[in-house]
Amino acid sequence: MEKKTKGSFVRLFALAGTSALLLAGCAGGNGGQAVDATSDSTEAASTSEEVTISLARFFGDCDDTTEGVTDVKLATSECEVIQILTNAFNAADNGITVEKLGGQAWGDYYTQLSTTFAGGDRPDVAVMHQHRLPDYVSRGLMTPVGDLLSEKGVDWADYTAPALGGATIDGEVYGVPFDIHGSLWHVNVDVFEAAGLLDESGAPVQAGSADELIAQCQAVQSATGKQFFAHDWFEFGVGARLFLGLVWQQGGDLSDGVTATVDTPEAAAALGLLNDIATECSNPEQGYTDSQAAFLAGDVAILHNGTWVVDQYNREAPFTYMATDVPPVFGGFGSWGDSHMWVMPLQDDVDPARQDAALEFMAYLYENVGNWAIGTGHIAPRASVIASDEYANAPQRSNYAETANKARMVPAVPGWAGAWDALAEELNATWVSGKDQAQALVDAEARMNEALAG
Amino acid sequence: MGQRVFLVGLTLFAAIWIIPMLWMFALSLSSNEALQLDTRTLVPIDFTTSNFASVLQGGLTGRWMLNSVVVTLTTTVVTLILSAMAGYAFARISFRGKSVVYPLVLAGLMVPREAMIVPLFLMFAEADMHNTYQALILPRIAAPLGVFIMTQFMAAIPLETEEAARVDGANHWTIFWRIFLPMSIPALTALGIFTYILTWNDFLWPLVSATDREMFTITTGLASLQGNFAQATELGSLMARGVVASLPLLVLFLIFQRQLVRGISLGSGSK
Amino acid sequence: MALTRSKLPRAQDSSLNGRARTPLQRNGLVAWAFLSPFLAVYGIFLLFPILQGVYMGFFDWDLLVIDDRKFVGLENYVRMFFGEGLVWDINHKFFWRLVGIALIPLVIIGRFRKKLSSGWAISLVASVVIVFGLLMGFHPDETGRWNDSLFWLSFGNTVAFVLMSTPLIVGAGLLLALGLNRNSRWVGVLRTLIFAPYVLSVAVLTLIWAFMLNPQLGIVGALFEYLGQEPISWLTSTTWALPAIVVVTMWWTVGFNVVLFLAGLQDIDPSLYDAASIDGAGRFSKFVNITIPGLQRTTLLVLVLQIIASFQIFGQVFIMTRGGPNGATRVSIQHIYESGFRDFELGYASAMSVFLFLVMVGVSSLQFKLQRTSE
């Protein structure tokens, strides 16, 4: 009995071992070859005139729905738009092949990207959020592309001020803005109507002051019994974005470019209003998924989310839906924004053929900014696109035109990621855990300065 | 009678225990759109197999599975061999320096993996070995966990067994191969299972080392399919991917877990 | 012949404990032959990166600009441990310090029962007095602050997690292993069900449980509502978030301990049970006198591994709560990861890893020491 057990175990073991080693032997070779193919591009360039560049991006992987597709009008998601655009570029007769590096969702993307800077192969073109750019530029890791792309036909003057501002640091342009994405208040118009809060044109009334907002809240809740406001109160820092917008509306800011300035009257007012909303008009136990679920089920009047869900809500909401700007509750317009941009990491050994190919691809993306905006709901960063008929006719876009022109981005300070996480955690503590608001602002400022200094 | 009650109780416990996984399975068969509105169910809502279809038909899913299998199988086999041999030495041989080397090996257990990622990454980058199977296998076969487990179990085997063989004139290698390995099958099975699962589910290292899509493991590969805010928009797909990634492991465990209770007797002379 | 603990076959002993050596045992060359394959790989792929990590701890080392580093000596460690405006107070964290001081009687008992030598006993008492009596009294006053406000907080959460999770997951592992130690096909199915959660990757695990524990979206919330209660939002509660994660971790990893305990149970000679039955011993007596001593080695194994794993917890917390709410679940490894990969401070992250490592080494050494003398 024992011998039989041992015997069969050994046999199984041996079989597993040999097959594993065999597979590793043949397939491992392929792995090695793949590395050679991309790093030996000068050889490739001279033998076949086909240059291969590497593209690092998030947005997911949708090859199974976009394989062979080159018509961007068929796209239904962020992933599909960018993948189809890439397919079309590869299919065109330009001598360039864009190879998409394995990407991850944005959480892991920067971990992966950072290690390529530490050692290893840097991608030729990469996507980057505006708020991350200063960290890489301040360390001299990005290629200035302003003049290089002007030669490729990019008209920087066509970019809106916020978009170009986000890509410019110390007078140099480092990226091709692909969009602006920012805060929007998604409104269930039917609920507003039931509460008698529509104006003459049938659009929801935008609150012009904090008191008016609370009054709207009470009107909606007493007339319909529905939750007035919802957003992600703790998962992805959405509350902090609204906080930022409200501070801006009062003329304040979170940083002077060097240190954090959070312990201010504007911040206190913004935080106070958010806490009032949380306790009286909302449910601070809701995160991203549940707040969205409640909205789509028709149980919430206003959902604060972003531009990336406009097309989705337009398609799926079973009620009359409208996307609106963040209302000027503190007297002016103020709304958080960020930007996806395409950047070119600085290579240790610049290969002119690859750099030229990368610039071609970036210029191509510049030209397709409109397709991206229409396909995803994000705001187009170029004035000519915004003025175009196609864009104006895309669903809901005219309803948040102000955001398009005036969305503001976080201060371009290196180390902002850590500072922002600290701020979000302190703010969340007030409405989720009941932390004292004044103390939260003091702690937030201290922790943010700790992060910015380090 | 008591036995029966006990079994029923245990079965009931296991049924409740497995509910979260049943929920995962139910959601994997539900449509993404329906799940945006309601997720409280143990039965699929708006039943669909499209989540599975898109995962399984994905162009590279097969390749990713293959990568995972190759890396995991090789790592497991080699780890078992190295750990068994080292465990035997630590457990049964007295030699100069053991009191220094054994703690040194165990100390390796206590180093946070996340802290080692960058030095390891730089090492392989310099050798230009990223995006290879070797890069995924080599750091993992040096497993202090394996040595620790094998040492503890081999030390528990009675001395009489060993002495009986020595009387017959056997050397260390024979004793190891003919006696200790067979007697360590439960321990080897346990270690094999752990190594297999831990290697299969490893994420951070394959994330930074295997950046070519063709070299993804099933874990990083499926993660790369995710768009932003995936759990709010494509929950069914996420769950389906989870099922696909874990099912092979579950099947493997089901097959091998019998080895854990083989009841190999250690009394001298009994077979 | 009555079966008592002391009459257990000395077979459970091994050459690790010191016994008369035969010539065959004393063969250094053979030992190194067995060890060298492992040691070779270990030296290159584990030891070397570890040493590099320790080395990095003495530098201001930027992740993105690897070549540009500055030697700063102990500055990283000073930043970790100290702050400005620190004052000492007898009252600060009084409760936990009292709990810590209560360890001293245990040490004394251990000395009495010959589990600890004088040297160990004295150093343990001294450590307890220093840590709980002295060090824990330090805290920043109103105008002062720690250099790194998150360091001690995350370490405290980590220790809390270790204290909560270890008894739970080890105890549950033992109980389940005892129940599942039967050679029947049906029990084999049950074993698979209990172990099944372990096959899930951390991404899937956290996805499932973030939803399960959500009051609006999850089944746990639905159960509460069915019973007429208000669902608790576990992960947004500063009180319940960490315990919830402990429970999730237990669900996920208890299978590991069950498997080890099962393997350990196989090593207990069944003839011992038969002999005890002949002597008329009952089930409880058999359990206490045969099973528990027989599992000593396995228990040490499981305990050490569990404590080490708990000290290194990261994935579940990072994904489910990101250290919140209000920092209630931030653990040391999260702080290390964020310092290294988000703030790019590789040197500082390495220094913190060294600290965590030393703590684990200390705790494990103590465990081995206690186990060894009790054999």
# chains A, B, ... in the order shown; residues from 1 in each chain; ligands from 1
call {"tool": "interface_residues", "arguments": {"of": "chain B", "to": "chain C", "cutoff": "6 Å", "atoms": "only C-alpha atoms", "output": "PyMOL selection string"}}
result
chain B and resi 39-40+82+85-86+89+92-95+110-111+119-120+139+142+155-156+158-159+186-187+201+242+246+249+254+260+263+266
call {"tool": "write_last_selection", "arguments": {"atoms": "N, CA and C atoms", "output": "PDB file, in the first residue's frame"}}
result
ATOM      1  N   THR B  39     -27.013  43.631  -6.402  1.00  0.00           N
ATOM      2  CA  THR B  39     -26.014  42.569  -6.286  1.00  0.00           C
ATOM      3  C   THR B  39     -26.334  41.599  -5.167  1.00  0.00           C
ATOM      4  N   ARG B  40     -27.524  41.742  -4.575  1.00  0.00           N
ATOM      5  CA  ARG B  40     -27.840  40.904  -3.427  1.00  0.00           C
ATOM      6  C   ARG B  40     -28.573  39.656  -3.839  1.00  0.00           C
ATOM      7  N   LEU B  82      14.206  21.081  -3.782  1.00  0.00           N
ATOM      8  CA  LEU B  82      15.181  21.838  -2.996  1.00  0.00           C
ATOM      9  C   LEU B  82      14.821  21.844  -1.512  1.00  0.00           C
ATOM     10  N   MET B  85      15.369  18.353   0.195  1.00  0.00           N
ATOM     11  CA  MET B  85      16.779  18.075   0.440  1.00  0.00           C
ATOM     12  C   MET B  85      17.317  18.927   1.589  1.00  0.00           C
ATOM     13  N   ALA B  86      17.009  20.207   1.540  1.00  0.00           N
ATOM     14  CA  ALA B  86      17.495  21.087   2.605  1.00  0.00           C
ATOM     15  C   ALA B  86      16.867  20.700   3.936  1.00  0.00           C
ATOM     16  N   ALA B  89      18.635  17.767   5.453  1.00  0.00           N
ATOM     17  CA  ALA B  89      19.925  18.145   6.033  1.00  0.00           C
ATOM     18  C   ALA B  89      19.734  18.825   7.380  1.00  0.00           C
ATOM     19  N   ARG B  92      18.062  16.039   9.952  1.00  0.00           N
ATOM     20  CA  ARG B  92      18.631  14.733  10.290  1.00  0.00           C
ATOM     21  C   ARG B  92      20.146  14.687  10.329  1.00  0.00           C
ATOM     22  N   ILE B  93      20.797  15.705   9.869  1.00  0.00           N
ATOM     23  CA  ILE B  93      22.259  15.673   9.855  1.00  0.00           C
ATOM     24  C   ILE B  93      22.785  16.739  10.806  1.00  0.00           C
ATOM     25  N   SER B  94      23.756  16.317  11.599  1.00  0.00           N
ATOM     26  CA  SER B  94      24.380  17.316  12.460  1.00  0.00           C
ATOM     27  C   SER B  94      25.670  17.765  11.792  1.00  0.00           C
ATOM     28  N   PHE B  95      25.834  19.044  11.619  1.00  0.00           N
ATOM     29  CA  PHE B  95      27.041  19.520  10.954  1.00  0.00           C
ATOM     30  C   PHE B  95      27.400  20.901  11.481  1.00  0.00           C
ATOM     31  N   MET B 110      10.875  36.343   6.991  1.00  0.00           N
ATOM     32  CA  MET B 110      10.377  37.528   7.682  1.00  0.00           C
ATOM     33  C   MET B 110      10.663  38.813   6.934  1.00  0.00           C
ATOM     34  N   VAL B 111      11.078  38.689   5.709  1.00  0.00           N
ATOM     35  CA  VAL B 111      11.337  39.885   4.927  1.00  0.00           C
ATOM     36  C   VAL B 111      10.105  40.206   4.103  1.00  0.00           C
ATOM     37  N   PRO B 119      14.986  45.735  -5.484  1.00  0.00           N
ATOM     38  CA  PRO B 119      16.305  45.130  -5.714  1.00  0.00           C
ATOM     39  C   PRO B 119      16.253  43.957  -6.690  1.00  0.00           C
ATOM     40  N   LEU B 120      15.228  43.110  -6.557  1.00  0.00           N
ATOM     41  CA  LEU B 120      15.086  41.984  -7.478  1.00  0.00           C
ATOM     42  C   LEU B 120      14.887  42.490  -8.906  1.00  0.00           C
ATOM     43  N   PRO B 139      13.127  33.685  -8.552  1.00  0.00           N
ATOM     44  CA  PRO B 139      13.020  34.253  -7.206  1.00  0.00           C
ATOM     45  C   PRO B 139      12.111  33.443  -6.300  1.00  0.00           C
ATOM     46  N   ALA B 142      13.472  29.808  -4.154  1.00  0.00           N
ATOM     47  CA  ALA B 142      14.218  29.915  -2.907  1.00  0.00           C
ATOM     48  C   ALA B 142      13.223  30.196  -1.802  1.00  0.00           C
ATOM     49  N   ALA B 155      11.901  16.222  10.917  1.00  0.00           N
ATOM     50  CA  ALA B 155      12.436  16.040  12.254  1.00  0.00           C
ATOM     51  C   ALA B 155      11.534  15.168  13.099  1.00  0.00           C
ATOM     52  N   ALA B 156      10.281  15.076  12.728  1.00  0.00           N
ATOM     53  CA  ALA B 156       9.330  14.324  13.536  1.00  0.00           C
ATOM     54  C   ALA B 156       9.370  12.829  13.259  1.00  0.00           C
ATOM     55  N   PRO B 158      10.566   9.158  13.403  1.00  0.00           N
ATOM     56  CA  PRO B 158      11.293   8.497  14.498  1.00  0.00           C
ATOM     57  C   PRO B 158      12.710   8.079  14.104  1.00  0.00           C
ATOM     58  N   LEU B 159      13.583   8.154  15.075  1.00  0.00           N
ATOM     59  CA  LEU B 159      14.983   7.808  14.834  1.00  0.00           C
ATOM     60  C   LEU B 159      15.151   6.340  14.511  1.00  0.00           C
ATOM     61  N   PRO B 186       2.575  13.522   3.156  1.00  0.00           N
ATOM     62  CA  PRO B 186       1.607  14.550   3.564  1.00  0.00           C
ATOM     63  C   PRO B 186       2.246  15.943   3.571  1.00  0.00           C
ATOM     64  N   ALA B 187       3.459  16.026   4.097  1.00  0.00           N
ATOM     65  CA  ALA B 187       4.119  17.338   4.144  1.00  0.00           C
ATOM     66  C   ALA B 187       4.424  17.846   2.743  1.00  0.00           C
ATOM     67  N   ASN B 201      -1.102  32.798  -7.745  1.00  0.00           N
ATOM     68  CA  ASN B 201      -1.754  34.061  -7.412  1.00  0.00           C
ATOM     69  C   ASN B 201      -0.799  35.223  -7.222  1.00  0.00           C
ATOM     70  N   GLY B 242     -12.527  35.796 -12.117  1.00  0.00           N
ATOM     71  CA  GLY B 242     -12.098  35.209 -10.856  1.00  0.00           C
ATOM     72  C   GLY B 242     -12.328  33.706 -10.844  1.00  0.00           C
ATOM     73  N   SER B 246      -9.420  30.763 -10.631  1.00  0.00           N
ATOM     74  CA  SER B 246      -9.283  29.906  -9.448  1.00  0.00           C
ATOM     75  C   SER B 246      -9.733  28.476  -9.636  1.00  0.00           C
ATOM     76  N   LEU B 249      -7.092  25.707  -9.654  1.00  0.00           N
ATOM     77  CA  LEU B 249      -6.496  25.466  -8.345  1.00  0.00           C
ATOM     78  C   LEU B 249      -7.397  24.596  -7.490  1.00  0.00           C
ATOM     79  N   LEU B 254      -8.687  19.336  -4.954  1.00  0.00           N
ATOM     80  CA  LEU B 254      -9.607  18.217  -4.804  1.00  0.00           C
ATOM     81  C   LEU B 254      -8.904  16.894  -5.087  1.00  0.00           C
ATOM     82  N   LEU B 260      -3.336  14.014   2.032  1.00  0.00           N
ATOM     83  CA  LEU B 260      -3.094  14.602   3.331  1.00  0.00           C
ATOM     84  C   LEU B 260      -3.530  13.687   4.467  1.00  0.00           C
ATOM     85  N   GLY B 263      -2.755   8.645   6.274  1.00  0.00           N
ATOM     86  CA  GLY B 263      -2.509   7.875   7.484  1.00  0.00           C
ATOM     87  C   GLY B 263      -1.334   6.939   7.375  1.00  0.00           C
ATOM     88  N   LEU B 266       3.818   5.332  11.301  1.00  0.00           N
ATOM     89  CA  LEU B 266       5.239   5.501  11.566  1.00  0.00           C
ATOM     90  C   LEU B 266       5.778   4.489  12.559  1.00  0.00           C
TER      91      LEU B 266
END
call {"tool": "closest_atom_pairs", "arguments": {"of": "chain A", "to": "chain C", "cutoff": "9 Å", "atoms": "only C-alpha atoms", "output": "CSV"}}
result
residue,atom,partner,partner_atom,distance
A:Tyr110,CA,C:Phe341,CA,8.2
A:Thr111,CA,C:Phe341,CA,6.1
A:Ser114,CA,C:Leu64,CA,6.2
A:Thr115,CA,C:Leu64,CA,7.4
A:Thr116,CA,C:Leu64,CA,8.5
A:Phe117,CA,C:Leu64,CA,5.4
A:Ala118,CA,C:Leu64,CA,5.0
A:Gly119,CA,C:Ile66,CA,8.0
A:Tyr136,CA,C:Leu64,CA,8.0
A:Arg139,CA,C:Val65,CA,7.2
A:Leu141,CA,C:Leu64,CA,8.4
A:Phe234,CA,C:Pro325,CA,8.0
A:Glu235,CA,C:Thr321,CA,7.6
A:Glu285,CA,C:Ser233,CA,6.6
A:Gln286,CA,C:Gln216,CA,7.9
A:Gly287,CA,C:Asn214,CA,8.9
A:Thr289,CA,C:Leu217,CA,8.5
A:Asp290,CA,C:Leu217,CA,6.6
A:Ala293,CA,C:Leu217,CA,8.8
A:Gly415,CA,C:Asp343,CA,6.3
A:Trp416,CA,C:Asp343,CA,8.8
A:Ala417,CA,C:Arg342,CA,6.8
A:Gly418,CA,C:Asp343,CA,6.3
A:Glu425,CA,C:Asn326,CA,5.9
A:Glu426,CA,C:Asn326,CA,6.5
A:Leu427,CA,C:Asn326,CA,8.8
A:Asn428,CA,C:Asn326,CA,7.1
A:Ala429,CA,C:Asn326,CA,5.0
A:Thr430,CA,C:Asn326,CA,8.6
A:Val432,CA,C:Thr236,CA,6.6
A:Ser433,CA,C:Thr238,CA,6.8
A:Lys435,CA,C:Asn326,CA,8.4
A:Arg447,CA,C:Ser149,CA,7.6
A:Glu450,CA,C:Asp148,CA,7.8
A:Ala451,CA,C:Asp343,CA,7.7
A:Gly454,CA,C:Asp343,CA,7.9
call {"tool": "select_by_dssp", "arguments": {"residues": "region 107-219 of chain A", "states": "alpha helix (DSSP H)", "output": "number ranges by chain"}}
result
A: 107-118, 133-137, 146-150, 161-167, 189-194, 210-219
call {"tool": "atom_distance", "arguments": {"atom1": "CA of Glu230 (chain C)", "atom2": "CA of Ser282 (chain A)"}}
result
16.7 Å
call {"tool": "interface_residues", "arguments": {"of": "chain B", "to": "chain A", "cutoff": "7 Å", "atoms": "only C-alpha atoms", "output": "list in words"}}
result
Gln36, Leu37, Gly58, Gly59, Val70, Leu73, Thr74, Val77, Leu122, Ala125, Asn131, Thr132, Tyr133, Pro182, Leu207, Val208, Thr211, Asp212, Arg213, Met215, Ala223, Ser224, Leu225, Gln226, Gly227, Asn228, Ala232 and Lys271 of chain B
call {"tool": "write_last_selection", "arguments": {"atoms": "C-alpha atoms", "output": "PDB file, in the first residue's frame"}}
result
ATOM      1  CA  GLN B  36     -25.176  47.779 -11.656  1.00  0.00           C
ATOM      2  CA  LEU B  37     -28.545  47.905  -9.952  1.00  0.00           C
ATOM      3  CA  GLY B  58     -10.067  36.169 -25.353  1.00  0.00           C
ATOM      4  CA  GLY B  59      -7.144  35.897 -27.706  1.00  0.00           C
ATOM      5  CA  VAL B  70       4.490  26.456 -16.779  1.00  0.00           C
ATOM      6  CA  LEU B  73       4.447  23.763 -12.182  1.00  0.00           C
ATOM      7  CA  THR B  74       8.170  24.344 -12.535  1.00  0.00           C
ATOM      8  CA  VAL B  77       8.483  20.841  -8.606  1.00  0.00           C
ATOM      9  CA  LEU B 122      17.048  45.843 -10.824  1.00  0.00           C
ATOM     10  CA  ALA B 125      16.904  44.297 -15.489  1.00  0.00           C
ATOM     11  CA  ASN B 131       9.788  38.992 -19.671  1.00  0.00           C
ATOM     12  CA  THR B 132      11.105  35.458 -19.368  1.00  0.00           C
ATOM     13  CA  TYR B 133       9.929  32.387 -17.536  1.00  0.00           C
ATOM     14  CA  PRO B 182       7.820   8.513   1.113  1.00  0.00           C
ATOM     15  CA  LEU B 207       3.268  42.875 -12.761  1.00  0.00           C
ATOM     16  CA  VAL B 208       6.631  44.593 -12.908  1.00  0.00           C
ATOM     17  CA  THR B 211       5.253  43.520 -19.022  1.00  0.00           C
ATOM     18  CA  ASP B 212       4.849  41.944 -22.444  1.00  0.00           C
ATOM     19  CA  ARG B 213       1.260  40.918 -22.905  1.00  0.00           C
ATOM     20  CA  MET B 215       4.224  36.901 -20.907  1.00  0.00           C
ATOM     21  CA  ALA B 223      -6.272  42.206 -14.322  1.00  0.00           C
ATOM     22  CA  SER B 224      -5.123  43.994 -17.457  1.00  0.00           C
ATOM     23  CA  LEU B 225      -8.565  43.559 -18.977  1.00  0.00           C
ATOM     24  CA  GLN B 226     -10.042  45.847 -16.382  1.00  0.00           C
ATOM     25  CA  GLY B 227     -11.120  49.308 -17.289  1.00  0.00           C
ATOM     26  CA  ASN B 228     -11.400  52.035 -14.692  1.00  0.00           C
ATOM     27  CA  ALA B 232     -19.080  49.412 -10.847  1.00  0.00           C
ATOM     28  CA  LYS B 271       3.410  -1.067   6.676  1.00  0.00           C
TER      29      LYS B 271
END
call {"tool": "closest_residue", "arguments": {"among": "A:Leu423, A:Leu133, A:Ala223, A:Val413", "to": "Glu193 (chain A)", "atoms": "only C-alpha atoms"}}
result
A:Ala223
call {"tool": "residues_around", "arguments": {"residues": "Asp274 (chain C)", "least_positions_apart": "6", "cutoff": "12 Å", "atoms": "only C-alpha atoms", "output": "PDB file with N, CA and C atoms, in the first residue's frame"}}
result
ATOM      1  N   LEU C   3      -0.149   5.673  29.916  1.00  0.00           N
ATOM      2  CA  LEU C   3       0.479   6.514  28.889  1.00  0.00           C
ATOM      3  C   LEU C   3       0.493   7.957  29.370  1.00  0.00           C
ATOM      4  N   ILE C 268       1.207  11.335  13.978  1.00  0.00           N
ATOM      5  CA  ILE C 268       1.023  10.750  15.301  1.00  0.00           C
ATOM      6  C   ILE C 268       0.733   9.264  15.138  1.00  0.00           C
ATOM      7  N   GLY C 280      -8.120   1.961  28.565  1.00  0.00           N
ATOM      8  CA  GLY C 280      -9.395   2.515  29.035  1.00  0.00           C
ATOM      9  C   GLY C 280      -9.443   4.029  29.018  1.00  0.00           C
ATOM     10  N   ALA C 281      -8.547   4.662  28.252  1.00  0.00           N
ATOM     11  CA  ALA C 281      -8.574   6.129  28.220  1.00  0.00           C
ATOM     12  C   ALA C 281      -9.750   6.624  27.394  1.00  0.00           C
ATOM     13  N   GLY C 282     -10.382   7.688  27.840  1.00  0.00           N
ATOM     14  CA  GLY C 282     -11.511   8.270  27.110  1.00  0.00           C
ATOM     15  C   GLY C 282     -11.026   9.190  26.017  1.00  0.00           C
ATOM     16  N   ARG C 283     -11.987   9.733  25.232  1.00  0.00           N
ATOM     17  CA  ARG C 283     -11.615  10.555  24.088  1.00  0.00           C
ATOM     18  C   ARG C 283     -10.888  11.821  24.518  1.00  0.00           C
ATOM     19  N   LYS C 286      -7.385  10.990  25.601  1.00  0.00           N
ATOM     20  CA  LYS C 286      -6.534  10.728  24.437  1.00  0.00           C
ATOM     21  C   LYS C 286      -6.117  12.029  23.778  1.00  0.00           C
ATOM     22  N   ILE C 290      -2.258  12.547  23.977  1.00  0.00           N
ATOM     23  CA  ILE C 290      -1.595  12.051  22.768  1.00  0.00           C
ATOM     24  C   ILE C 290      -1.591  13.112  21.671  1.00  0.00           C
TER      25      ILE C 290
END
call {"tool": "atom_distance", "arguments": {"atom1": "CA of Leu149 (chain A)", "atom2": "CA of Asn405 (chain A)"}}
result
23.6 Å
call {"tool": "atom_distance", "arguments": {"atom1": "CA of Gly337 (chain A)", "atom2": "CA of Asp170 (chain A)"}}
result
20.2 Å
call {"tool": "closest_residue", "arguments": {"among": "A:Ala380, A:Ala230, A:Ala404, A:Val238", "to": "Phe333 (chain A)", "atoms": "only C-alpha atoms"}}
result
A:Ala404
call {"tool": "residues_around", "arguments": {"residues": "region 81-83 of chain C", "least_positions_apart": "6", "cutoff": "12 Å", "atoms": "only C-alpha atoms", "output": "PyMOL selection string"}}
result
chain C and resi 74-75+135-136+138-141+143-153+155+348+351-352+355
call {"tool": "closest_atom_pairs", "arguments": {"of": "region 296-369 of chain A", "to": "region 122-125 of chain A", "cutoff": "8 Å", "atoms": "only C-alpha atoms", "output": "tab-separated table"}}
result
residue	atom	partner	partner_atom	distance
A:Trp342	CA	A:Val125	CA	6.6
A:Val343	CA	A:Val125	CA	5.8
A:Met344	CA	A:Val125	CA	4.9
A:Pro345	CA	A:Asp124	CA	6.4
A:Gln347	CA	A:Arg122	CA	6.9
A:Arg354	CA	A:Asp124	CA	7.6
A:Gln355	CA	A:Asp124	CA	7.3
A:Ala358	CA	A:Asp124	CA	6.2
A:Met362	CA	A:Val125	CA	7.8
call {"tool": "write_last_selection", "arguments": {"atoms": "C-alpha atoms", "output": "PDB file, in the first residue's frame"}}
result
ATOM      1  CA  TRP A 342       0.223  61.295 -23.790  1.00  0.00           C
ATOM      2  CA  VAL A 343       3.828  61.778 -22.766  1.00  0.00           C
ATOM      3  CA  MET A 344       7.188  60.673 -24.071  1.00  0.00           C
ATOM      4  CA  PRO A 345       9.556  59.338 -21.407  1.00  0.00           C
ATOM      5  CA  GLN A 347      15.218  57.465 -23.033  1.00  0.00           C
ATOM      6  CA  ARG A 354      11.784  55.521 -32.674  1.00  0.00           C
ATOM      7  CA  GLN A 355      11.429  59.037 -31.340  1.00  0.00           C
ATOM      8  CA  ALA A 358       6.506  58.148 -31.341  1.00  0.00           C
ATOM      9  CA  MET A 362       1.275  61.446 -30.648  1.00  0.00           C
TER      10      MET A 362
END
call {"tool": "closest_residue", "arguments": {"among": "C:Val99, C:Ala275, C:Val162, C:Ile130", "to": "Val246 (chain C)", "atoms": "only C-alpha atoms"}}
result
C:Val162
